[in-house]
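The structure appears right after this line, and notes come after that.
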Amino acid sequence: MRFNIKQVNCGSERIGSLTGFIKSSKTIIETPTAALLTQGCSVVHLTAEVLAKVFPDTQLLWLPLSNSVQLENGVKAQGEGVAKFAGLPKHVICATLYNINEIVPPGHFELGKLPLWTKNGKKMITADKYMDLMETFKPDIILAASDGRISLNEKPKRIVKSVERTMALLDSCINKYKASEELQQSSLVGVIVAANIPHKCEECIRHILKYKETLVGVALAGLTDGSKESYEVSLDKLKEIFSRVGGSLPNDLLRIVEGSWNPAVIVTAIEHGWDVFDGSYPIKLTNKGHALSLNFDVYRYSGDPCIMDLNDIRYNEDFKPILEGCECLTCKKHTRAYIRHLLNTREMLASVLLSIHNLHHFNEFFVQARLHISASTFNIYKKHIITQYENINPKLDNEEDKTAPTLVQDKKKIKVRIGDNVKTEVNGTIIK
Amino acid sequence: MKTTSAALRFNISTECKITKARSAVMKLPHYDVKTPVFMPVGTQGTMKGLLPEQLENLDCEIILGNTYHLGNRPGTDVLEKAGGLHKFMGWNRALLTDSGGFQMVSLLQLAEITEEGVKFKSPYDGSETMLTPERSIEIQNSIGADIIMQLDDVVQTTNQNYERNKEASERTSRWLDRCLKAHKRPTEQSIFPIVQGLLNNTLREQSAKEHMTKDVNGFAIGGLSGGEAKDDFWPMVSLSTGILDKNKPRYLMGVGVAIDLVVCVALGVDMFDCVFPTRTARFGCALVNKGQLSLKQKKYETDLNPIDKDCTCSTCLNYTRAYLHSIVTVETVSCHLLSVHNIAYQMRLMRTMRENIENGTFPAFVQQFVNEVYPNGQYPTWVVNSLSSVGINLCHL
């Protein structure tokens, strides 16, 4: 895969393109953009059939190994990579270790090994094993194994340790990568940690840049461990990080940011030249029954909140679409009242309809961002988006996702017998 | 022949020359439904994670909603303001609602049945509500389905108490009169009476004959598929279809397993509903002619075949058994994928039966289907007996 920059503005926000994918040679993915988060390599809540209705074109999919490692034997048997195996052959995969939305226990490292929390409990994996899996999965982009799942609030000692581990893991990943022609079909990305401790972060970056010729880009991790507290960082603080870290990187590297950051944070990152985001934010909203309703008209902002909680009884008889004028499948056909009913009765279609809207709208947010960069009006757009987040109840933005799997080893299927109906709980959605 | 109501016209296109099977078009206000038909159950105004347009792609022409659930949530106020369930859920084809009476059996500890109706304790908030025949129809009028059910006095099928069975069966007929009288939208919705009498020949015959005297557009056969022996089940179906007007649709409630569908179509049934295909999907099971595949089993881990190579559903076109194995019962997507396949399976079976009835090859199809389900030739007695009662004498090939 190749990353080319088409335009860089004075604010250092930029437009680029990803091309030359393994299976989709004609595909062009424009940046800034977000990937679509997958679980078990399916876009969360959406089958291939529904995904094609929402996005007819090739999409960048974010593949956490923690919820897809169980595909290994099947993918190996088929031999054509994980995207094809998961029924999404034309889509492009960016693979990494974890789903940032999953809450997992801290620690559990062993020498040279990382804990991977899966539905079947903890699996210890080495960088070599990680790269072996990548050889089987054949993703277009591989984020090097790292110890990046830590919050900015962590103690310095822990952060220093994460730099050591991350650098050692990168060395191992690079060795495996260079030794395998098969792996070299994929593009490798180095992971930056310790953003909060400038000199350690620089050390990490210097280490990555030693392999600059081998790497297509960098990913900024270590900003969040997925917990609610770790997202409670001021925008100014994040801005300083995006600016400082972005500024110390060569321009031609692709820059990825991990974490469920809201659009106010994302426009701030984009302003400092960050290109790709992991797509976990819209899923987090969907799982809470929330709909994203950003206003994109920079000249006409009504003051309406940019997140709607559709669990709210106030939508009981509200037969308007989530967002008037929205062109998504959900808004063209379904009402707030219907979605509120589906949430109230814990029906699976609620998540499907909300996902369709949230993914469409989140994508639209990036389309608009690129248009404004092209027109050199990004600064106005950025302020417009940030204002909307300043005006909402912060609880709406960073409320805990109650359906997010916590302590993954306990997340075995729970069966509850109620009357004659056996209910099975899958990912927090009761399935009756 | 007097099925000329605006709410339902039933035009039989072909009758099987040997069995009692027939194919027809049932013209309903929202859609022309081809019968024999299987109606998937969408209890709360949604089909387990599928979009209405996916159901249309699957060839679903009519689906079922549950009055008891919908009356509670979202409630009739919301449904009326939305302009009925069709509009509320974005489904433009036909709908059928049950009466809410079946929940009496499943929630019996919460219910007390009197001549007036059924007194429920709401499992949601503990408040007491009375479901009378009038109230059931009132709710169903608000929901606005094309076909609605009378409230019947439901007894567990395996109940041996003759007095209780008799009381329930006769009360069902009295409640039918009250339902018909309370019906406010007869030009848009058809009430189907429900033939009761459980497994008692005399009571069932009386019930069917009593219902035949009413001005209705179709009939339901109830009180079956509740855990009774198959040898007790099929004669009741046959008895009912033998009495009910040939020119009106007959709906057998709660039946949806493939072999039962094939036998009961041969016995002259036109409509079926069952939660089985979508429920079994949620437990990771995919329907095939030989029964079902439990995709959780380790043996599917590297099985690169689709669930069924002859199936053209979007699941079988895109996904292997191995992939389904790796996400089944873990990801919600697996429920959607298996629901799509299982509904497609039911739809294909019904379409195949209709085509065979129309081509005059239905008996041969039945023979071939039975052989596929029981490849060793060990046919269950009830299958042999029921089919022989309509002129198909099975022979192992």
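Convention: chains lettered A, B, ... in structure tokens order; per-chain residue numbering from 1; ligands numbered from 1 as shown.
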
Within 8 Å of chain A, which residues of chain B are there when counting only C-alpha atoms? Please give them as number ranges by chain. B: 44, 46-51, 73-74, 78, 81-82, 88-90, 106-107, 279, 282, 301-304, 314, 318-320, 322-323, 326-327, 329-333, 336-337

Include C-alpha atoms and write out the residues we just selected as a PDB file, in the first residue's frame.
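Dumped everything to selection-v7.pdb:
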ATOM      1  CA  GLN B  44     -42.090  -6.570  18.655  1.00  0.00           C
ATOM      2  CA  THR B  46     -39.062  -6.125  13.984  1.00  0.00           C
ATOM      3  CA  MET B  47     -37.564  -9.311  12.615  1.00  0.00           C
ATOM      4  CA  LYS B  48     -34.548 -10.045  14.808  1.00  0.00           C
ATOM      5  CA  GLY B  49     -32.072  -7.546  13.438  1.00  0.00           C
ATOM      6  CA  LEU B  50     -33.160  -7.639   9.783  1.00  0.00           C
ATOM      7  CA  LEU B  51     -34.120  -4.551   7.806  1.00  0.00           C
ATOM      8  CA  ARG B  73     -44.698  -1.487  24.032  1.00  0.00           C
ATOM      9  CA  PRO B  74     -44.926   0.855  22.187  1.00  0.00           C
ATOM     10  CA  VAL B  78     -48.026   5.433  19.672  1.00  0.00           C
ATOM     11  CA  LYS B  81     -50.279   8.184  15.970  1.00  0.00           C
ATOM     12  CA  ALA B  82     -47.749   6.460  13.730  1.00  0.00           C
ATOM     13  CA  PHE B  88     -44.268   2.415  12.432  1.00  0.00           C
ATOM     14  CA  MET B  89     -41.897  -0.354  11.358  1.00  0.00           C
ATOM     15  CA  GLY B  90     -41.524   0.609   7.694  1.00  0.00           C
ATOM     16  CA  SER B 106     -46.890 -19.051  28.341  1.00  0.00           C
ATOM     17  CA  LEU B 107     -47.619 -16.624  31.164  1.00  0.00           C
ATOM     18  CA  ARG B 279     -34.961 -18.722  17.341  1.00  0.00           C
ATOM     19  CA  ARG B 282     -29.851 -17.318  17.568  1.00  0.00           C
ATOM     20  CA  GLU B 301     -13.921 -24.725  11.967  1.00  0.00           C
ATOM     21  CA  THR B 302     -12.267 -25.226   8.582  1.00  0.00           C
ATOM     22  CA  ASP B 303     -15.332 -26.191   6.517  1.00  0.00           C
ATOM     23  CA  LEU B 304     -15.185 -23.830   3.547  1.00  0.00           C
ATOM     24  CA  SER B 314     -26.905 -13.553   0.832  1.00  0.00           C
ATOM     25  CA  ASN B 318     -20.930 -14.591   0.933  1.00  0.00           C
ATOM     26  CA  TYR B 319     -20.019 -16.778   3.886  1.00  0.00           C
ATOM     27  CA  THR B 320     -18.562 -20.188   4.665  1.00  0.00           C
ATOM     28  CA  ALA B 322     -15.992 -21.971   8.860  1.00  0.00           C
ATOM     29  CA  TYR B 323     -16.479 -18.221   9.157  1.00  0.00           C
ATOM     30  CA  SER B 326     -15.880 -18.505  14.300  1.00  0.00           C
ATOM     31  CA  ILE B 327     -18.445 -15.809  15.163  1.00  0.00           C
ATOM     32  CA  THR B 329     -23.377 -16.844  19.204  1.00  0.00           C
ATOM     33  CA  VAL B 330     -20.596 -14.289  19.837  1.00  0.00           C
ATOM     34  CA  GLU B 331     -21.279 -11.514  17.346  1.00  0.00           C
ATOM     35  CA  THR B 332     -24.750 -10.128  16.677  1.00  0.00           C
ATOM     36  CA  VAL B 333     -23.895 -10.326  12.976  1.00  0.00           C
ATOM     37  CA  HIS B 336     -28.495 -11.779  11.407  1.00  0.00           C
ATOM     38  CA  LEU B 337     -26.682 -14.058   8.965  1.00  0.00           C
TER      39      LEU B 337
END

I need the residues of stretch 138-274 of chain B that end up classed as strand (DSSP E) by DSSP on the backbone, written out as a list in words. Ile147, Ile148, Met149, Ser190, Ile191, Phe192, Ile194, Val195, Phe219, Ala220, Ile221, Arg250, Tyr251, Leu252, Met271, Phe272, Asp273 and Cys274 of chain B

Nearest to B:Met149, restricted to only C-alpha atoms and choosing among B:Pro123, B:Ala111, B:Pro375, B:Gly65, comes out as B:Gly65

What gap, in Å, lies between atom CA of B:Tyr162 and atom CA of B:Gly223?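 Answer for the atom CA of B:Tyr162 to atom CA of B:Gly223 separation: 13.9 Å.
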
Please report, as a list in words, each residue of stretch 100-155 of chain B to which DSSP assigns alpha helix (DSSP H) when run on this structure's backbone.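 Put together, the selection reads Phe102, Gln103, Met104, Val105, Ser106, Pro133, Glu134, Arg135, Ser136, Ile137, Glu138, Ile139, Gln140, Asn141, Ser142 and Ile143 of chain B.
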
Preceding selection exported with N, CA and C atoms as a compact mmCIF listing (two decimals), in the first residue's frame:
# COMPACT_ATOMS: atom_id res chain seq x y z
N PHE B 102 -52.38 -16.34 23.20
CA PHE B 102 -51.40 -17.40 23.36
C PHE B 102 -50.51 -17.15 24.57
N GLN B 103 -50.30 -15.86 24.85
CA GLN B 103 -49.45 -15.54 26.00
C GLN B 103 -50.08 -16.03 27.31
N MET B 104 -51.41 -16.36 27.24
CA MET B 104 -52.06 -16.95 28.42
C MET B 104 -51.38 -18.25 28.82
N VAL B 105 -51.06 -19.06 27.83
CA VAL B 105 -50.43 -20.33 28.15
C VAL B 105 -49.02 -20.09 28.67
N SER B 106 -48.29 -19.22 27.96
CA SER B 106 -46.89 -19.05 28.34
C SER B 106 -46.74 -18.25 29.62
N PRO B 133 -62.19 -9.99 24.71
CA PRO B 133 -62.22 -10.11 23.25
C PRO B 133 -62.31 -8.72 22.61
N GLU B 134 -63.10 -7.84 23.21
CA GLU B 134 -63.27 -6.49 22.66
C GLU B 134 -61.95 -5.73 22.69
N ARG B 135 -61.25 -5.83 23.81
CA ARG B 135 -59.99 -5.11 23.95
C ARG B 135 -58.94 -5.65 22.97
N SER B 136 -58.91 -6.97 22.81
CA SER B 136 -57.95 -7.57 21.88
C SER B 136 -58.16 -7.02 20.48
N ILE B 137 -59.44 -6.95 20.06
CA ILE B 137 -59.73 -6.45 18.72
C ILE B 137 -59.42 -4.95 18.63
N GLU B 138 -59.72 -4.24 19.73
CA GLU B 138 -59.43 -2.81 19.73
C GLU B 138 -57.92 -2.57 19.51
N ILE B 139 -57.11 -3.35 20.23
CA ILE B 139 -55.65 -3.20 20.05
C ILE B 139 -55.26 -3.58 18.62
N GLN B 140 -55.83 -4.68 18.15
CA GLN B 140 -55.46 -5.14 16.80
C GLN B 140 -55.95 -4.15 15.74
N ASN B 141 -57.07 -3.48 16.01
CA ASN B 141 -57.53 -2.42 15.10
C ASN B 141 -56.50 -1.28 15.06
N SER B 142 -55.92 -0.97 16.21
CA SER B 142 -54.90 0.10 16.25
C SER B 142 -53.63 -0.33 15.52
N ILE B 143 -53.25 -1.58 15.71
CA ILE B 143 -52.03 -2.07 15.05
C ILE B 143 -52.23 -2.07 13.54
